[in-house]
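*Asks:* Hey, dropping input_10.txt in here, compact mmCIF, N, CA and C atoms:
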```txt
# COMPACT_ATOMS: atom_id res chain seq x y z
N MET A 1093 107.60 68.84 90.35
CA MET A 1093 106.40 68.74 91.13
C MET A 1093 106.67 69.25 92.54
N ILE A 1094 105.79 70.01 93.11
CA ILE A 1094 105.93 70.52 94.46
C ILE A 1094 105.03 69.72 95.39
N LEU A 1095 105.60 69.29 96.51
CA LEU A 1095 104.85 68.54 97.50
C LEU A 1095 104.79 69.34 98.79
N PRO A 1096 103.64 69.43 99.45
CA PRO A 1096 103.59 70.15 100.71
C PRO A 1096 104.41 69.45 101.77
N MET A 1097 105.13 70.24 102.59
CA MET A 1097 105.96 69.68 103.65
C MET A 1097 105.42 70.02 105.03
N ALA A 1098 104.92 71.21 105.22
CA ALA A 1098 104.41 71.63 106.52
C ALA A 1098 103.21 72.50 106.26
N VAL A 1099 102.44 72.79 107.28
CA VAL A 1099 101.24 73.56 107.07
C VAL A 1099 101.26 74.80 107.93
N HIS A 1100 100.74 75.88 107.40
CA HIS A 1100 100.66 77.17 108.06
C HIS A 1100 99.85 77.09 109.34
N ASN A 1101 100.15 77.95 110.27
CA ASN A 1101 99.42 78.08 111.55
C ASN A 1101 99.54 76.86 112.45
N SER A 1102 100.77 76.42 112.67
CA SER A 1102 101.09 75.46 113.73
C SER A 1102 100.55 74.06 113.54
N ILE A 1103 100.46 73.56 112.36
CA ILE A 1103 100.12 72.16 112.14
C ILE A 1103 101.42 71.43 111.85
N PRO A 1104 101.73 70.34 112.52
CA PRO A 1104 103.05 69.71 112.42
C PRO A 1104 103.34 69.13 111.05
N LEU A 1105 104.64 68.94 110.81
CA LEU A 1105 105.12 68.26 109.61
C LEU A 1105 104.63 66.82 109.61
N THR A 1106 104.92 66.12 108.53
CA THR A 1106 104.57 64.70 108.47
C THR A 1106 105.29 63.95 109.59
N PRO A 1107 104.77 62.80 110.02
CA PRO A 1107 105.38 62.07 111.14
C PRO A 1107 106.83 61.71 110.88
N ARG A 1108 107.61 61.70 111.91
CA ARG A 1108 109.03 61.34 111.83
C ARG A 1108 109.17 59.83 111.70
N MET A 1109 110.36 59.39 111.30
CA MET A 1109 110.63 57.97 111.18
C MET A 1109 110.56 57.29 112.55
N ASN A 1110 111.05 57.98 113.59
CA ASN A 1110 111.00 57.45 114.94
C ASN A 1110 109.75 57.99 115.62
N ASP A 1111 108.73 57.17 115.74
CA ASP A 1111 107.45 57.62 116.30
C ASP A 1111 107.45 57.70 117.82
N GLN A 1112 108.53 57.30 118.46
CA GLN A 1112 108.55 57.21 119.91
C GLN A 1112 108.15 58.52 120.58
N ASN A 1113 108.74 59.63 120.19
CA ASN A 1113 108.43 60.91 120.81
C ASN A 1113 107.84 61.90 119.82
N SER A 1114 107.32 61.41 118.72
CA SER A 1114 106.86 62.33 117.66
C SER A 1114 105.71 63.21 118.12
N SER A 1115 104.83 62.70 118.99
CA SER A 1115 103.72 63.53 119.44
C SER A 1115 104.20 64.64 120.36
N GLU A 1116 105.34 64.46 121.00
CA GLU A 1116 105.88 65.47 121.90
C GLU A 1116 106.74 66.48 121.16
N ARG A 1117 107.27 66.12 120.00
CA ARG A 1117 108.23 66.97 119.31
C ARG A 1117 107.71 67.48 117.97
N GLY A 1118 106.52 67.99 117.91
CA GLY A 1118 105.99 68.51 116.66
C GLY A 1118 106.78 69.72 116.19
N VAL A 1119 106.93 69.88 114.89
CA VAL A 1119 107.62 71.01 114.31
C VAL A 1119 106.58 71.98 113.77
N PHE A 1120 106.69 73.24 114.14
CA PHE A 1120 105.70 74.23 113.75
C PHE A 1120 106.32 75.24 112.80
N ARG A 1121 105.59 75.64 111.80
CA ARG A 1121 106.06 76.57 110.78
C ARG A 1121 105.05 77.69 110.61
N ARG A 1122 105.55 78.87 110.23
CA ARG A 1122 104.65 79.99 109.94
C ARG A 1122 103.98 79.84 108.58
N TRP A 1123 104.70 79.24 107.61
CA TRP A 1123 104.18 79.11 106.25
C TRP A 1123 104.29 77.67 105.78
N GLN A 1124 103.38 77.29 104.92
CA GLN A 1124 103.46 75.96 104.32
C GLN A 1124 104.67 75.91 103.39
N ARG A 1125 105.39 74.81 103.45
CA ARG A 1125 106.57 74.63 102.61
C ARG A 1125 106.26 73.65 101.49
N PHE A 1126 106.92 73.85 100.36
CA PHE A 1126 106.75 72.98 99.21
C PHE A 1126 108.13 72.52 98.74
N ARG A 1127 108.26 71.20 98.56
CA ARG A 1127 109.53 70.64 98.08
C ARG A 1127 109.68 70.94 96.59
N LEU A 1128 110.93 71.20 96.24
CA LEU A 1128 111.28 71.35 94.83
C LEU A 1128 112.76 71.09 94.69
N ASN A 1129 113.22 71.00 93.49
CA ASN A 1129 114.63 70.80 93.19
C ASN A 1129 114.93 71.61 91.94
N MET A 1130 115.31 72.87 92.16
CA MET A 1130 115.48 73.80 91.04
C MET A 1130 116.84 74.49 91.14
N PRO A 1131 117.47 74.73 90.00
CA PRO A 1131 118.73 75.48 90.05
C PRO A 1131 118.48 76.96 90.36
N VAL A 1132 119.32 77.52 91.21
CA VAL A 1132 119.28 78.94 91.52
C VAL A 1132 120.72 79.45 91.55
N ARG A 1133 120.87 80.73 91.62
CA ARG A 1133 122.18 81.36 91.71
C ARG A 1133 122.17 82.23 92.97
N LEU A 1134 123.22 82.11 93.77
CA LEU A 1134 123.38 82.95 94.96
C LEU A 1134 124.41 84.04 94.66
N ILE A 1135 124.06 85.27 95.02
CA ILE A 1135 124.96 86.39 94.82
C ILE A 1135 125.24 86.99 96.19
N VAL A 1136 126.52 86.99 96.57
CA VAL A 1136 126.93 87.45 97.89
C VAL A 1136 127.96 88.55 97.73
N ALA A 1137 127.69 89.70 98.34
CA ALA A 1137 128.63 90.82 98.32
C ALA A 1137 129.21 90.98 99.71
N ARG A 1138 130.54 90.88 99.81
CA ARG A 1138 131.21 91.13 101.08
C ARG A 1138 132.65 91.52 100.83
N ASP A 1139 133.17 92.35 101.72
CA ASP A 1139 134.55 92.82 101.65
C ASP A 1139 134.90 93.40 100.28
N ASN A 1140 134.07 94.27 99.76
CA ASN A 1140 134.30 94.95 98.48
C ASN A 1140 134.45 94.00 97.30
N SER A 1141 133.86 92.81 97.40
CA SER A 1141 133.86 91.89 96.27
C SER A 1141 132.50 91.20 96.21
N THR A 1142 132.18 90.68 95.04
CA THR A 1142 130.93 89.97 94.84
C THR A 1142 131.24 88.56 94.38
N ARG A 1143 130.60 87.59 95.01
CA ARG A 1143 130.78 86.20 94.63
C ARG A 1143 129.45 85.65 94.15
N ILE A 1144 129.48 84.96 93.02
CA ILE A 1144 128.28 84.34 92.45
C ILE A 1144 128.54 82.84 92.41
N THR A 1145 127.59 82.08 92.94
CA THR A 1145 127.73 80.63 92.95
C THR A 1145 126.39 79.98 92.63
N ASP A 1146 126.45 78.83 91.99
CA ASP A 1146 125.24 78.08 91.68
C ASP A 1146 124.81 77.26 92.88
N GLY A 1147 123.51 77.05 93.01
CA GLY A 1147 122.97 76.25 94.10
C GLY A 1147 121.69 75.58 93.66
N ARG A 1148 121.05 74.89 94.59
CA ARG A 1148 119.78 74.20 94.34
C ARG A 1148 118.79 74.63 95.40
N ALA A 1149 117.61 75.03 94.97
CA ALA A 1149 116.51 75.32 95.89
C ALA A 1149 115.83 74.00 96.22
N ASN A 1150 115.71 73.69 97.51
CA ASN A 1150 115.14 72.41 97.94
C ASN A 1150 113.71 72.53 98.43
N ASP A 1151 113.34 73.68 98.96
CA ASP A 1151 111.95 73.94 99.30
C ASP A 1151 111.71 75.44 99.32
N ILE A 1152 110.44 75.81 99.22
CA ILE A 1152 110.07 77.22 99.17
C ILE A 1152 108.80 77.42 99.99
N SER A 1153 108.69 78.60 100.57
CA SER A 1153 107.48 79.00 101.28
C SER A 1153 107.28 80.50 101.04
N ASP A 1154 106.22 81.05 101.59
CA ASP A 1154 106.02 82.49 101.46
C ASP A 1154 107.14 83.29 102.13
N GLY A 1155 107.78 82.70 103.14
CA GLY A 1155 108.80 83.43 103.89
C GLY A 1155 110.21 83.27 103.40
N GLY A 1156 110.48 82.25 102.59
CA GLY A 1156 111.85 82.04 102.13
C GLY A 1156 112.02 80.71 101.45
N LEU A 1157 113.29 80.25 101.39
CA LEU A 1157 113.56 78.98 100.75
C LEU A 1157 114.79 78.34 101.35
N LEU A 1158 114.91 77.05 101.15
CA LEU A 1158 116.07 76.29 101.58
C LEU A 1158 116.93 76.06 100.35
N ILE A 1159 118.21 76.42 100.47
CA ILE A 1159 119.13 76.33 99.34
C ILE A 1159 120.35 75.52 99.74
N PHE A 1160 120.79 74.65 98.84
CA PHE A 1160 122.09 74.00 98.98
C PHE A 1160 123.06 74.73 98.08
N ALA A 1161 124.19 75.17 98.65
CA ALA A 1161 125.23 75.84 97.88
C ALA A 1161 126.58 75.53 98.50
N GLY A 1162 127.54 75.14 97.70
CA GLY A 1162 128.87 74.81 98.18
C GLY A 1162 129.69 76.07 98.42
N PHE A 1163 129.25 76.87 99.36
CA PHE A 1163 129.88 78.16 99.64
C PHE A 1163 129.67 78.47 101.12
N GLU A 1164 130.69 78.99 101.78
CA GLU A 1164 130.59 79.32 103.20
C GLU A 1164 129.81 80.61 103.41
N LEU A 1165 128.69 80.49 104.09
CA LEU A 1165 127.87 81.66 104.46
C LEU A 1165 127.64 81.61 105.97
N ASN A 1166 127.41 82.77 106.55
CA ASN A 1166 127.17 82.88 107.98
C ASN A 1166 125.76 83.36 108.25
N LEU A 1167 125.26 83.05 109.44
CA LEU A 1167 123.95 83.56 109.83
C LEU A 1167 123.98 85.09 109.77
N GLY A 1168 122.92 85.66 109.20
CA GLY A 1168 122.83 87.11 109.08
C GLY A 1168 123.40 87.67 107.79
N ASP A 1169 124.10 86.85 107.00
CA ASP A 1169 124.63 87.33 105.71
C ASP A 1169 123.48 87.72 104.79
N SER A 1170 123.65 88.81 104.09
CA SER A 1170 122.67 89.25 103.10
C SER A 1170 123.06 88.66 101.75
N VAL A 1171 122.07 88.11 101.05
CA VAL A 1171 122.32 87.47 99.75
C VAL A 1171 121.21 87.87 98.78
N PHE A 1172 121.49 87.67 97.51
CA PHE A 1172 120.45 87.72 96.49
C PHE A 1172 120.35 86.32 95.91
N VAL A 1173 119.12 85.87 95.69
CA VAL A 1173 118.86 84.58 95.07
C VAL A 1173 118.25 84.87 93.72
N GLU A 1174 118.80 84.22 92.70
CA GLU A 1174 118.36 84.49 91.32
C GLU A 1174 117.87 83.20 90.69
N PHE A 1175 116.79 83.31 89.95
CA PHE A 1175 116.19 82.18 89.27
C PHE A 1175 115.83 82.61 87.86
N THR A 1176 116.18 81.79 86.87
CA THR A 1176 115.80 82.06 85.49
C THR A 1176 114.73 81.05 85.09
N PRO A 1177 113.50 81.51 84.86
CA PRO A 1177 112.42 80.59 84.48
C PRO A 1177 112.74 79.89 83.15
N PRO A 1178 112.20 78.68 82.97
CA PRO A 1178 112.39 77.98 81.70
C PRO A 1178 111.87 78.81 80.53
N PHE A 1179 112.54 78.74 79.42
CA PHE A 1179 112.18 79.44 78.19
C PHE A 1179 112.18 80.95 78.36
N SER A 1180 113.02 81.43 79.28
CA SER A 1180 113.13 82.87 79.50
C SER A 1180 114.60 83.21 79.67
N GLY A 1181 115.01 84.31 79.11
CA GLY A 1181 116.38 84.77 79.27
C GLY A 1181 116.50 85.77 80.40
N GLU A 1182 115.37 86.12 81.01
CA GLU A 1182 115.37 87.15 82.04
C GLU A 1182 115.31 86.53 83.44
N ALA A 1183 116.36 86.76 84.23
CA ALA A 1183 116.40 86.23 85.59
C ALA A 1183 115.59 87.11 86.53
N VAL A 1184 115.04 86.48 87.57
CA VAL A 1184 114.31 87.19 88.61
C VAL A 1184 115.15 87.05 89.88
N ARG A 1185 115.32 88.16 90.59
CA ARG A 1185 116.20 88.20 91.75
C ARG A 1185 115.44 88.63 92.99
N ALA A 1186 115.71 87.96 94.12
CA ALA A 1186 115.09 88.32 95.40
C ALA A 1186 116.17 88.45 96.46
N ARG A 1187 116.02 89.46 97.32
CA ARG A 1187 116.96 89.66 98.42
C ARG A 1187 116.57 88.75 99.57
N GLY A 1188 117.57 88.26 100.30
CA GLY A 1188 117.30 87.43 101.46
C GLY A 1188 118.41 87.53 102.49
N VAL A 1189 118.13 86.94 103.65
CA VAL A 1189 119.08 86.90 104.76
C VAL A 1189 119.21 85.46 105.22
N ILE A 1190 120.43 85.01 105.47
CA ILE A 1190 120.66 83.66 105.96
C ILE A 1190 120.19 83.59 107.41
N ARG A 1191 119.18 82.74 107.67
CA ARG A 1191 118.62 82.59 109.01
C ARG A 1191 118.92 81.24 109.64
N HIS A 1192 119.33 80.26 108.82
CA HIS A 1192 119.60 78.91 109.33
C HIS A 1192 120.68 78.29 108.47
N ARG A 1193 121.51 77.48 109.12
CA ARG A 1193 122.54 76.77 108.38
C ARG A 1193 122.74 75.38 108.97
N ARG A 1194 122.81 74.39 108.08
CA ARG A 1194 123.20 73.04 108.45
C ARG A 1194 124.09 72.53 107.32
N GLY A 1195 125.38 72.48 107.57
CA GLY A 1195 126.34 72.13 106.52
C GLY A 1195 126.30 73.20 105.45
N TYR A 1196 126.05 72.78 104.21
CA TYR A 1196 125.93 73.74 103.11
C TYR A 1196 124.47 73.95 102.69
N ASN A 1197 123.54 73.59 103.57
CA ASN A 1197 122.12 73.91 103.37
C ASN A 1197 121.81 75.18 104.15
N TYR A 1198 121.23 76.15 103.46
CA TYR A 1198 120.98 77.45 104.06
C TYR A 1198 119.50 77.81 104.00
N GLY A 1199 118.96 78.22 105.12
CA GLY A 1199 117.61 78.75 105.17
C GLY A 1199 117.68 80.24 104.89
N VAL A 1200 117.09 80.67 103.79
CA VAL A 1200 117.12 82.07 103.37
C VAL A 1200 115.73 82.66 103.58
N GLN A 1201 115.66 83.69 104.39
CA GLN A 1201 114.40 84.41 104.61
C GLN A 1201 114.35 85.58 103.64
N PHE A 1202 113.23 85.67 102.90
CA PHE A 1202 113.07 86.80 101.99
C PHE A 1202 113.09 88.10 102.79
N TYR A 1203 113.70 89.12 102.21
CA TYR A 1203 113.85 90.41 102.90
C TYR A 1203 113.74 91.52 101.86
N SER A 1204 112.91 92.50 102.14
CA SER A 1204 112.80 93.62 101.19
C SER A 1204 112.95 94.93 101.94
N GLU A 1205 113.59 95.89 101.29
CA GLU A 1205 113.75 97.23 101.85
C GLU A 1205 112.84 98.23 101.17
N THR A 1206 112.35 97.88 100.00
CA THR A 1206 111.48 98.80 99.26
C THR A 1206 110.29 98.03 98.70
N SER A 1207 109.29 98.77 98.24
CA SER A 1207 108.13 98.12 97.62
C SER A 1207 108.52 97.45 96.30
N LEU A 1208 109.51 97.99 95.61
CA LEU A 1208 110.00 97.37 94.37
C LEU A 1208 110.62 96.00 94.68
N GLU A 1209 111.40 95.91 95.77
CA GLU A 1209 111.97 94.63 96.15
C GLU A 1209 110.89 93.64 96.58
N GLU A 1210 109.85 94.14 97.25
CA GLU A 1210 108.73 93.27 97.64
C GLU A 1210 108.04 92.70 96.41
N ASP A 1211 107.87 93.52 95.38
CA ASP A 1211 107.29 93.05 94.13
C ASP A 1211 108.17 91.99 93.48
N GLN A 1212 109.50 92.18 93.54
CA GLN A 1212 110.44 91.20 92.97
C GLN A 1212 110.33 89.88 93.72
N ILE A 1213 110.19 89.94 95.05
CA ILE A 1213 110.06 88.72 95.85
C ILE A 1213 108.78 87.98 95.47
N LYS A 1214 107.67 88.70 95.31
CA LYS A 1214 106.41 88.07 94.90
C LYS A 1214 106.55 87.41 93.54
N LYS A 1215 107.20 88.10 92.62
CA LYS A 1215 107.41 87.55 91.27
C LYS A 1215 108.32 86.31 91.35
N PHE A 1216 109.36 86.39 92.16
CA PHE A 1216 110.28 85.28 92.34
C PHE A 1216 109.55 84.05 92.86
N ARG A 1217 108.76 84.21 93.94
CA ARG A 1217 108.00 83.08 94.50
C ARG A 1217 107.04 82.50 93.48
N SER A 1218 106.35 83.37 92.77
CA SER A 1218 105.36 82.92 91.80
C SER A 1218 106.01 82.13 90.67
N LEU A 1219 107.07 82.67 90.10
CA LEU A 1219 107.74 81.99 88.98
C LEU A 1219 108.38 80.68 89.40
N LEU A 1220 109.00 80.68 90.57
CA LEU A 1220 109.65 79.46 91.04
C LEU A 1220 108.63 78.36 91.29
N SER A 1221 107.51 78.71 91.88
CA SER A 1221 106.48 77.68 92.13
C SER A 1221 105.82 77.22 90.83
N MET A 1222 105.59 78.13 89.89
CA MET A 1222 105.01 77.73 88.59
C MET A 1222 105.97 76.82 87.82
N ALA A 1223 107.27 77.15 87.85
CA ALA A 1223 108.26 76.33 87.14
C ALA A 1223 108.35 74.94 87.74
N ALA A 1224 108.04 74.83 89.03
CA ALA A 1224 108.08 73.53 89.70
C ALA A 1224 106.76 72.77 89.57
N GLY A 1225 105.75 73.38 88.96
CA GLY A 1225 104.51 72.67 88.68
C GLY A 1225 103.37 72.96 89.63
N SER A 1226 103.43 74.06 90.37
CA SER A 1226 102.35 74.38 91.31
C SER A 1226 102.06 75.86 91.27
N THR A 1227 100.83 76.21 91.55
CA THR A 1227 100.47 77.62 91.67
C THR A 1227 99.97 77.91 93.09
N ALA A 1228 100.41 77.06 94.04
CA ALA A 1228 99.92 77.16 95.42
C ALA A 1228 100.43 78.39 96.16
N LEU A 1229 101.61 78.94 95.82
CA LEU A 1229 102.15 80.08 96.54
C LEU A 1229 101.63 81.38 96.02
```
Is it possible to express this structure as structure tokens?
*Replies:*
Amino acid sequence: MILPMAVHNSIPLTPRMNDQNSSERGVFRRWQRFRLNMPVRLIVARDNSTRITDGRANDISDGGLLIFAGFELNLGDSVFVEFTPPFSGEAVRARGVIRHRRGYNYGVQFYSETSLEEDQIKKFRSLLSMAAGSTAL
């Protein structure tokens, strides 16, 4: 099930646990985020080698997704995120760039260089949200 986390066009997230300064510290997002917990695969190419590791997608938006992966990544690293829909043997892959890091949680912004990659990103977002039980994206 996907639950909305933030709302597009500068509407703050749900209230914080500490309400003392919550009205002063609103968090603003460009896209609405949806919580999910889905397996994904991260593919990272660096130094003439490719590393593939499993991870978990924790939320998704039109601009990217939050992934937990037990792998050291740096801001600006280029990655591919792969998802295999249920009852399908065909994986869908989207290119992204690491834009945020907290521990092993990585904010991945979708990135395309061609119209074909843009189509793959749209398919990736659509399939991931449908597999999680929503057609909101």
*Asks:* Near A:Asp1151, within 6 Å and counting only C-alpha atoms, which residues show up once chain neighbours fewer than 5 positions away are dropped, as a list in words?
*Replies:*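 With the cut-off at 6 Å, the set is Phe1126, Arg1127, Leu1128, Leu1157 and Leu1158 of chain A.
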*Asks:* Excluding same-chain residues fewer than 6 positions from A:Ser1170, what lies within 6.5 Å of it counting only N, CA and C atoms, as a list in words?
*Replies:*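 My reading of the contact set: Ile1135, Val1136, Ala1137, Gly1188, Val1189 and Ile1190 of chain A.
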*Asks:* Write the residues you've just listed into a file as a PDB file, in the frame of the given file, and include N, CA and C atoms for each of them.
*Replies:*
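out.pdb written:
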```
ATOM      1  N   ILE A1135     124.060  85.270  95.020  1.00  0.00           N
ATOM      2  CA  ILE A1135     124.960  86.390  94.820  1.00  0.00           C
ATOM      3  C   ILE A1135     125.240  86.990  96.190  1.00  0.00           C
ATOM      4  N   VAL A1136     126.520  86.990  96.570  1.00  0.00           N
ATOM      5  CA  VAL A1136     126.930  87.450  97.890  1.00  0.00           C
ATOM      6  C   VAL A1136     127.960  88.550  97.730  1.00  0.00           C
ATOM      7  N   ALA A1137     127.690  89.700  98.340  1.00  0.00           N
ATOM      8  CA  ALA A1137     128.630  90.820  98.320  1.00  0.00           C
ATOM      9  C   ALA A1137     129.210  90.980  99.710  1.00  0.00           C
ATOM     10  N   GLY A1188     117.570  88.260 100.300  1.00  0.00           N
ATOM     11  CA  GLY A1188     117.300  87.430 101.460  1.00  0.00           C
ATOM     12  C   GLY A1188     118.410  87.530 102.490  1.00  0.00           C
ATOM     13  N   VAL A1189     118.130  86.940 103.650  1.00  0.00           N
ATOM     14  CA  VAL A1189     119.080  86.900 104.760  1.00  0.00           C
ATOM     15  C   VAL A1189     119.210  85.460 105.220  1.00  0.00           C
ATOM     16  N   ILE A1190     120.430  85.010 105.470  1.00  0.00           N
ATOM     17  CA  ILE A1190     120.660  83.660 105.960  1.00  0.00           C
ATOM     18  C   ILE A1190     120.190  83.590 107.410  1.00  0.00           C
TER      19      ILE A1190
END
```
*Asks:* Could you name the residues that touch A:Phe1160 at 7 Å or less, counting only C-alpha atoms, but leaving out those on the same chain fewer than 5 positions away, as number ranges by chain?
*Replies:* A: 1147-1149, 1196-1198
*Asks:* How would the residues just picked look written out with N, CA and C atoms as a tab-separated table (two decimals), in the frame of the given file?
*Replies:*
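Output file out31.tsv is given in full below:
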```
chain	number	residue	atom	x	y	z
A	1147	GLY	N	123.51	77.05	93.01
A	1147	GLY	CA	122.97	76.25	94.10
A	1147	GLY	C	121.69	75.58	93.66
A	1148	ARG	N	121.05	74.89	94.59
A	1148	ARG	CA	119.78	74.20	94.34
A	1148	ARG	C	118.79	74.63	95.40
A	1149	ALA	N	117.61	75.03	94.97
A	1149	ALA	CA	116.51	75.32	95.89
A	1149	ALA	C	115.83	74.00	96.22
A	1196	TYR	N	126.05	72.78	104.21
A	1196	TYR	CA	125.93	73.74	103.11
A	1196	TYR	C	124.47	73.95	102.69
A	1197	ASN	N	123.54	73.59	103.57
A	1197	ASN	CA	122.12	73.91	103.37
A	1197	ASN	C	121.81	75.18	104.15
A	1198	TYR	N	121.23	76.15	103.46
A	1198	TYR	CA	120.98	77.45	104.06
A	1198	TYR	C	119.50	77.81	104.00
```
*Asks:* Nearest to A:Phe1175 among A:Arg1133, A:Arg1122, A:Ile1159, A:Met1222, with distances taken over only C-alpha atoms: which residue is it?
*Replies:*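 Using only C-alpha atoms, the shortest distance to A:Phe1175 belongs to A:Arg1133.
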*Asks:* Could you pull out all residues of stretch 1108-1190 of chain A with a DSSP call of strand (DSSP E) and give them as a PyMOL selection string?
*Replies:* chain A and resi 1125-1138+1141-1152+1156-1160+1170-1175+1184-1190
*Asks:* Keeping only N, CA and C atoms, write the selected residues as a short mmCIF file (atom, residue, chain, number, x, y, z; two decimals), keeping the file's coordinate frame.
*Replies:*
```cif
data_model
loop_
_atom_site.label_atom_id
_atom_site.label_comp_id
_atom_site.auth_asym_id
_atom_site.auth_seq_id
_atom_site.Cartn_x
_atom_site.Cartn_y
_atom_site.Cartn_z
N ARG A 1125 105.39 74.81 103.45
CA ARG A 1125 106.57 74.63 102.61
C ARG A 1125 106.26 73.65 101.49
N PHE A 1126 106.92 73.85 100.36
CA PHE A 1126 106.75 72.98 99.21
C PHE A 1126 108.13 72.52 98.74
N ARG A 1127 108.26 71.20 98.56
CA ARG A 1127 109.53 70.64 98.08
C ARG A 1127 109.68 70.94 96.59
N LEU A 1128 110.93 71.20 96.24
CA LEU A 1128 111.28 71.35 94.83
C LEU A 1128 112.76 71.09 94.69
N ASN A 1129 113.22 71.00 93.49
CA ASN A 1129 114.63 70.80 93.19
C ASN A 1129 114.93 71.61 91.94
N MET A 1130 115.31 72.87 92.16
CA MET A 1130 115.48 73.80 91.04
C MET A 1130 116.84 74.49 91.14
N PRO A 1131 117.47 74.73 90.00
CA PRO A 1131 118.73 75.48 90.05
C PRO A 1131 118.48 76.96 90.36
N VAL A 1132 119.32 77.52 91.21
CA VAL A 1132 119.28 78.94 91.52
C VAL A 1132 120.72 79.45 91.55
N ARG A 1133 120.87 80.73 91.62
CA ARG A 1133 122.18 81.36 91.71
C ARG A 1133 122.17 82.23 92.97
N LEU A 1134 123.22 82.11 93.77
CA LEU A 1134 123.38 82.95 94.96
C LEU A 1134 124.41 84.04 94.66
N ILE A 1135 124.06 85.27 95.02
CA ILE A 1135 124.96 86.39 94.82
C ILE A 1135 125.24 86.99 96.19
N VAL A 1136 126.52 86.99 96.57
CA VAL A 1136 126.93 87.45 97.89
C VAL A 1136 127.96 88.55 97.73
N ALA A 1137 127.69 89.70 98.34
CA ALA A 1137 128.63 90.82 98.32
C ALA A 1137 129.21 90.98 99.71
N ARG A 1138 130.54 90.88 99.81
CA ARG A 1138 131.21 91.13 101.08
C ARG A 1138 132.65 91.52 100.83
N SER A 1141 133.86 92.81 97.40
CA SER A 1141 133.86 91.89 96.27
C SER A 1141 132.50 91.20 96.21
N THR A 1142 132.18 90.68 95.04
CA THR A 1142 130.93 89.97 94.84
C THR A 1142 131.24 88.56 94.38
N ARG A 1143 130.60 87.59 95.01
CA ARG A 1143 130.78 86.20 94.63
C ARG A 1143 129.45 85.65 94.15
N ILE A 1144 129.48 84.96 93.02
CA ILE A 1144 128.28 84.34 92.45
C ILE A 1144 128.54 82.84 92.41
N THR A 1145 127.59 82.08 92.94
CA THR A 1145 127.73 80.63 92.95
C THR A 1145 126.39 79.98 92.63
N ASP A 1146 126.45 78.83 91.99
CA ASP A 1146 125.24 78.08 91.68
C ASP A 1146 124.81 77.26 92.88
N GLY A 1147 123.51 77.05 93.01
CA GLY A 1147 122.97 76.25 94.10
C GLY A 1147 121.69 75.58 93.66
N ARG A 1148 121.05 74.89 94.59
CA ARG A 1148 119.78 74.20 94.34
C ARG A 1148 118.79 74.63 95.40
N ALA A 1149 117.61 75.03 94.97
CA ALA A 1149 116.51 75.32 95.89
C ALA A 1149 115.83 74.00 96.22
N ASN A 1150 115.71 73.69 97.51
CA ASN A 1150 115.14 72.41 97.94
C ASN A 1150 113.71 72.53 98.43
N ASP A 1151 113.34 73.68 98.96
CA ASP A 1151 111.95 73.94 99.30
C ASP A 1151 111.71 75.44 99.32
N ILE A 1152 110.44 75.81 99.22
CA ILE A 1152 110.07 77.22 99.17
C ILE A 1152 108.80 77.42 99.99
N GLY A 1156 110.48 82.25 102.59
CA GLY A 1156 111.85 82.04 102.13
C GLY A 1156 112.02 80.71 101.45
N LEU A 1157 113.29 80.25 101.39
CA LEU A 1157 113.56 78.98 100.75
C LEU A 1157 114.79 78.34 101.35
N LEU A 1158 114.91 77.05 101.15
CA LEU A 1158 116.07 76.29 101.58
C LEU A 1158 116.93 76.06 100.35
N ILE A 1159 118.21 76.42 100.47
CA ILE A 1159 119.13 76.33 99.34
C ILE A 1159 120.35 75.52 99.74
N PHE A 1160 120.79 74.65 98.84
CA PHE A 1160 122.09 74.00 98.98
C PHE A 1160 123.06 74.73 98.08
N SER A 1170 123.65 88.81 104.09
CA SER A 1170 122.67 89.25 103.10
C SER A 1170 123.06 88.66 101.75
N VAL A 1171 122.07 88.11 101.05
CA VAL A 1171 122.32 87.47 99.75
C VAL A 1171 121.21 87.87 98.78
N PHE A 1172 121.49 87.67 97.51
CA PHE A 1172 120.45 87.72 96.49
C PHE A 1172 120.35 86.32 95.91
N VAL A 1173 119.12 85.87 95.69
CA VAL A 1173 118.86 84.58 95.07
C VAL A 1173 118.25 84.87 93.72
N GLU A 1174 118.80 84.22 92.70
CA GLU A 1174 118.36 84.49 91.32
C GLU A 1174 117.87 83.20 90.69
N PHE A 1175 116.79 83.31 89.95
CA PHE A 1175 116.19 82.18 89.27
C PHE A 1175 115.83 82.61 87.86
N VAL A 1184 115.04 86.48 87.57
CA VAL A 1184 114.31 87.19 88.61
C VAL A 1184 115.15 87.05 89.88
N ARG A 1185 115.32 88.16 90.59
CA ARG A 1185 116.20 88.20 91.75
C ARG A 1185 115.44 88.63 92.99
N ALA A 1186 115.71 87.96 94.12
CA ALA A 1186 115.09 88.32 95.40
C ALA A 1186 116.17 88.45 96.46
N ARG A 1187 116.02 89.46 97.32
CA ARG A 1187 116.96 89.66 98.42
C ARG A 1187 116.57 88.75 99.57
N GLY A 1188 117.57 88.26 100.30
CA GLY A 1188 117.30 87.43 101.46
C GLY A 1188 118.41 87.53 102.49
N VAL A 1189 118.13 86.94 103.65
CA VAL A 1189 119.08 86.90 104.76
C VAL A 1189 119.21 85.46 105.22
N ILE A 1190 120.43 85.01 105.47
CA ILE A 1190 120.66 83.66 105.96
C ILE A 1190 120.19 83.59 107.41
#
```
*Asks:* Given the choices A:Leu1134, A:Lys1214, A:Asp1154, A:Leu1208, which gets closest to A:Glu1174 if the distance is worked out from all atoms listed in the file?
*Replies:*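 Closest candidate: A:Leu1134.
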*Asks:* Which distance in Å separates atom C of A:Gly1199 and atom CA of A:Arg1125, to one decimal?
*Replies:*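 If I compute the distance from atom C of A:Gly1199 to atom CA of A:Arg1125, I get 12.7 Å.
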*Asks:* Go through A:Phe1179, A:Phe1172, A:Phe1202, A:Phe1216 one by one, measure the shortest atom-to-atom distance of each to A:Thr1142 using only C-alpha atoms, and give the residue with the smallest value.
*Replies:*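 So, comparing all the options, the nearest one is A:Phe1172.
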*Asks:* So how many Å separate atom N of A:Leu1167 and atom CA of A:Arg1193, to one decimal?
*Replies:*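 Taking atom N of A:Leu1167 and atom CA of A:Arg1193, their separation equals 6.9 Å.
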*Asks:* State, in Å with one decimal place, the distance from atom N of A:Gln1124 to atom C of A:Gly1155.
*Replies:*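 Computed distance, atom N of A:Gln1124 to atom C of A:Gly1155, equals 9.2 Å.
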